[in-house]
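Novice: Sharing a structure here in structure tokens format.
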Amino acid sequence: MAGASTVSLPELRSLLTSGRARLFDVRSREEAAAGTIPGAVNIPVSELESALQMEPAAFQALYRAEKPKQEDENLVFFCQMGKRGFQATQLARRLGYTGARNYAGAYKEWFEKEG
């Protein structure tokens, strides 16, 4: 995955500072509870397909966040090392979320450079 479908750390910082990105941590609840990128919504990759197909009210109730819209830009998915984030981005794109992007550096890079 290259180009617009991937996000680098400097770009992610800029998007977050300007409020132009929504972050989704697709690691397990246990992994996310141990530390995540501030503002991220935790949706384990195993739940992502059903989550993105839920009614907005059900999504809000379960994840305590507004459900993303298919046309939203900069829906950034990440995991610990990059693989699950990549899978999540591919899945979201297949479901019509054209703004789905993968933070390839993942939480590992964030923690090392920002943590």
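Chain identifiers are assigned as A, B, and so on, following the order in which chains appear in the structure tokens; residues are numbered from 1 within each chain, and ligands are numbered from 1 in order of appearance.
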Apply DSSP to the structure's backbone, then extract all residues of chain A labelled alpha helix (DSSP H) and return them as a PyMOL selection string.

Specialist: chain A and resi 9-17+29-33+45-52+56-63+83-94+106-114

Novice: Set the distance at 10 Å and use only C-alpha atoms: which residues neighbour stretch 24-26 of chain A once local chain neighbours fewer than 4 positions away are removed? I'd like the list as an mmCIF file with N, CA and C atoms, in the first residue's frame.

Specialist:
data_model
loop_
_atom_site.group_PDB
_atom_site.id
_atom_site.type_symbol
_atom_site.label_atom_id
_atom_site.label_comp_id
_atom_site.auth_asym_id
_atom_site.auth_seq_id
_atom_site.Cartn_x
_atom_site.Cartn_y
_atom_site.Cartn_z
ATOM 1 N N GLU A 31 -4.559 -4.968 24.446
ATOM 2 C CA GLU A 31 -3.431 -4.191 23.914
ATOM 3 C C GLU A 31 -3.721 -2.700 24.010
ATOM 4 N N ALA A 32 -4.918 -2.292 23.607
ATOM 5 C CA ALA A 32 -5.276 -0.874 23.623
ATOM 6 C C ALA A 32 -5.336 -0.334 25.047
ATOM 7 N N THR A 36 -2.462 3.565 23.957
ATOM 8 C CA THR A 36 -2.870 3.797 22.574
ATOM 9 C C THR A 36 -2.561 5.233 22.199
ATOM 10 N N ILE A 37 -2.798 5.570 20.954
ATOM 11 C CA ILE A 37 -2.610 6.946 20.507
ATOM 12 C C ILE A 37 -3.807 7.747 21.003
ATOM 13 N N GLY A 39 -7.006 9.730 21.555
ATOM 14 C CA GLY A 39 -8.143 10.010 20.680
ATOM 15 C C GLY A 39 -8.577 8.834 19.823
ATOM 16 N N ALA A 40 -7.843 7.729 19.867
ATOM 17 C CA ALA A 40 -8.191 6.571 19.033
ATOM 18 C C ALA A 40 -9.393 5.826 19.604
ATOM 19 N N VAL A 41 -10.222 5.306 18.701
ATOM 20 C CA VAL A 41 -11.341 4.440 19.059
ATOM 21 C C VAL A 41 -10.858 3.011 18.864
ATOM 22 N N ASN A 42 -11.004 2.184 19.890
ATOM 23 C CA ASN A 42 -10.551 0.790 19.799
ATOM 24 C C ASN A 42 -11.662 -0.081 19.224
ATOM 25 N N ILE A 43 -11.408 -0.636 18.039
ATOM 26 C CA ILE A 43 -12.290 -1.619 17.416
ATOM 27 C C ILE A 43 -11.386 -2.768 16.976
ATOM 28 N N PRO A 44 -11.340 -3.860 17.742
ATOM 29 C CA PRO A 44 -10.484 -4.971 17.337
ATOM 30 C C PRO A 44 -10.768 -5.388 15.892
ATOM 31 N N VAL A 45 -9.722 -5.723 15.161
ATOM 32 C CA VAL A 45 -9.872 -6.048 13.737
ATOM 33 C C VAL A 45 -10.897 -7.156 13.525
ATOM 34 N N SER A 46 -11.031 -8.062 14.483
ATOM 35 C CA SER A 46 -12.007 -9.155 14.365
ATOM 36 C C SER A 46 -13.450 -8.651 14.380
ATOM 37 N N GLU A 47 -13.679 -7.440 14.887
ATOM 38 C CA GLU A 47 -15.022 -6.849 14.960
ATOM 39 C C GLU A 47 -15.264 -5.799 13.889
ATOM 40 N N LEU A 48 -14.221 -5.428 13.161
ATOM 41 C CA LEU A 48 -14.307 -4.254 12.298
ATOM 42 C C LEU A 48 -15.367 -4.371 11.216
ATOM 43 N N LEU A 75 -9.577 8.365 7.612
ATOM 44 C CA LEU A 75 -9.940 7.376 8.624
ATOM 45 C C LEU A 75 -8.702 6.504 8.772
ATOM 46 N N VAL A 76 -7.951 6.739 9.825
ATOM 47 C CA VAL A 76 -6.630 6.122 9.965
ATOM 48 C C VAL A 76 -6.696 4.921 10.906
ATOM 49 N N PHE A 77 -6.316 3.770 10.361
ATOM 50 C CA PHE A 77 -6.308 2.522 11.114
ATOM 51 C C PHE A 77 -4.872 2.177 11.487
ATOM 52 N N PHE A 78 -4.696 1.661 12.708
ATOM 53 C CA PHE A 78 -3.356 1.242 13.128
ATOM 54 C C PHE A 78 -3.453 0.078 14.096
ATOM 55 N N CYS A 79 -2.334 -0.636 14.223
ATOM 56 C CA CYS A 79 -2.242 -1.745 15.169
ATOM 57 C C CYS A 79 -0.904 -1.624 15.903
ATOM 58 N N GLN A 80 -0.306 -2.730 16.258
ATOM 59 C CA GLN A 80 0.965 -2.688 16.982
ATOM 60 C C GLN A 80 2.165 -2.559 16.036
ATOM 61 N N ARG A 84 -2.205 -5.760 11.040
ATOM 62 C CA ARG A 84 -3.656 -5.668 11.261
ATOM 63 C C ARG A 84 -4.205 -4.334 10.785
ATOM 64 N N GLY A 85 -3.408 -3.276 10.918
ATOM 65 C CA GLY A 85 -3.832 -1.972 10.408
ATOM 66 C C GLY A 85 -4.009 -1.995 8.897
ATOM 67 N N PHE A 86 -3.090 -2.661 8.222
ATOM 68 C CA PHE A 86 -3.177 -2.822 6.770
ATOM 69 C C PHE A 86 -4.437 -3.614 6.419
ATOM 70 N N GLN A 87 -4.679 -4.726 7.114
ATOM 71 C CA GLN A 87 -5.867 -5.539 6.867
ATOM 72 C C GLN A 87 -7.144 -4.728 7.104
ATOM 73 N N ALA A 88 -7.157 -3.946 8.170
ATOM 74 C CA ALA A 88 -8.326 -3.124 8.494
ATOM 75 C C ALA A 88 -8.582 -2.081 7.414
ATOM 76 N N THR A 89 -7.517 -1.471 6.928
ATOM 77 C CA THR A 89 -7.653 -0.463 5.876
ATOM 78 C C THR A 89 -8.225 -1.097 4.613
ATOM 79 N N ASN A 102 -3.872 3.607 6.285
ATOM 80 C CA ASN A 102 -3.120 2.812 7.255
ATOM 81 C C ASN A 102 -1.931 3.618 7.778
ATOM 82 N N TYR A 103 -1.827 3.706 9.103
ATOM 83 C CA TYR A 103 -0.618 4.287 9.699
ATOM 84 C C TYR A 103 0.377 3.136 9.798
ATOM 85 N N ALA A 106 2.557 2.282 12.847
ATOM 86 C CA ALA A 106 1.769 1.647 13.893
ATOM 87 C C ALA A 106 2.097 2.189 15.297
ATOM 88 N N TYR A 107 1.491 1.570 16.291
ATOM 89 C CA TYR A 107 1.680 2.041 17.660
ATOM 90 C C TYR A 107 3.136 1.926 18.088
#

Novice: When DSSP is applied to the backbone of this structure, which of stretch 29-85 of chain A are assigned strand (DSSP E)? Write them out as a PDB file with N, CA, C and O atoms, in the first residue's frame.

Specialist:
ATOM      1  N   VAL A  41     -10.222   5.306  18.701  1.00  0.00           N
ATOM      2  CA  VAL A  41     -11.341   4.440  19.059  1.00  0.00           C
ATOM      3  C   VAL A  41     -10.858   3.011  18.864  1.00  0.00           C
ATOM      4  O   VAL A  41     -10.349   2.665  17.795  1.00  0.00           O
ATOM      5  N   ASN A  42     -11.004   2.184  19.890  1.00  0.00           N
ATOM      6  CA  ASN A  42     -10.551   0.790  19.799  1.00  0.00           C
ATOM      7  C   ASN A  42     -11.662  -0.081  19.224  1.00  0.00           C
ATOM      8  O   ASN A  42     -12.721  -0.226  19.815  1.00  0.00           O
ATOM      9  N   LEU A  75      -9.577   8.365   7.612  1.00  0.00           N
ATOM     10  CA  LEU A  75      -9.940   7.376   8.624  1.00  0.00           C
ATOM     11  C   LEU A  75      -8.702   6.504   8.772  1.00  0.00           C
ATOM     12  O   LEU A  75      -8.407   5.668   7.924  1.00  0.00           O
ATOM     13  N   VAL A  76      -7.951   6.739   9.825  1.00  0.00           N
ATOM     14  CA  VAL A  76      -6.630   6.122   9.965  1.00  0.00           C
ATOM     15  C   VAL A  76      -6.696   4.921  10.906  1.00  0.00           C
ATOM     16  O   VAL A  76      -7.081   5.050  12.063  1.00  0.00           O
ATOM     17  N   PHE A  77      -6.316   3.770  10.361  1.00  0.00           N
ATOM     18  CA  PHE A  77      -6.308   2.522  11.114  1.00  0.00           C
ATOM     19  C   PHE A  77      -4.872   2.177  11.487  1.00  0.00           C
ATOM     20  O   PHE A  77      -3.953   2.372  10.701  1.00  0.00           O
ATOM     21  N   PHE A  78      -4.696   1.661  12.708  1.00  0.00           N
ATOM     22  CA  PHE A  78      -3.356   1.242  13.128  1.00  0.00           C
ATOM     23  C   PHE A  78      -3.453   0.078  14.096  1.00  0.00           C
ATOM     24  O   PHE A  78      -4.502  -0.165  14.697  1.00  0.00           O
TER      25      PHE A  78
END

Novice: Identify, on the basis of only C-alpha atoms, every residue whose closest approach to A:Ala65 does not exceed 10 Å; exclude the query and any residue fewer than 2 positions from it along the same chain; express the result as a list in words.

Specialist: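 These residues fall inside the cut-off: Ala40, Val41, Asn42, Pro56, Ala57, Phe59, Gln60, Ala61, Leu62, Tyr63, Lys67 and Pro68 of chain A.
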
Novice: Would you please work out which residue, of A:Gly35, A:Gly82, A:Pro10, A:Gly99, is nearest to A:Lys113 when using only C-alpha atoms?

Specialist: A:Pro10

Novice: Mind pulling up the distance from atom CA of A:Asn74 to atom CA of A:Ala21?

Specialist: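 These two atoms are separated by 4.9 Å.
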
Novice: Write out as an NGL selection string the residues lying within 12 Å of A:Glu71, counting only C-alpha atoms and excluding same-chain residues fewer than 6 positions away.

Specialist: :A and (92-93 or 95-100)

Novice: Just checking: using only C-alpha atoms, which residue out of A:Ser14, A:Lys69, A:Arg27, A:Arg64 ends up closest to A:Lys108?

Specialist: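 Residue with the minimum atom-to-atom distance to A:Lys108: A:Arg27.
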
Novice: Hey, can you check how far atom CA of A:Leu91 sits from atom CA of A:Arg13?

Specialist: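 Those two atoms sit 24.1 Å apart.
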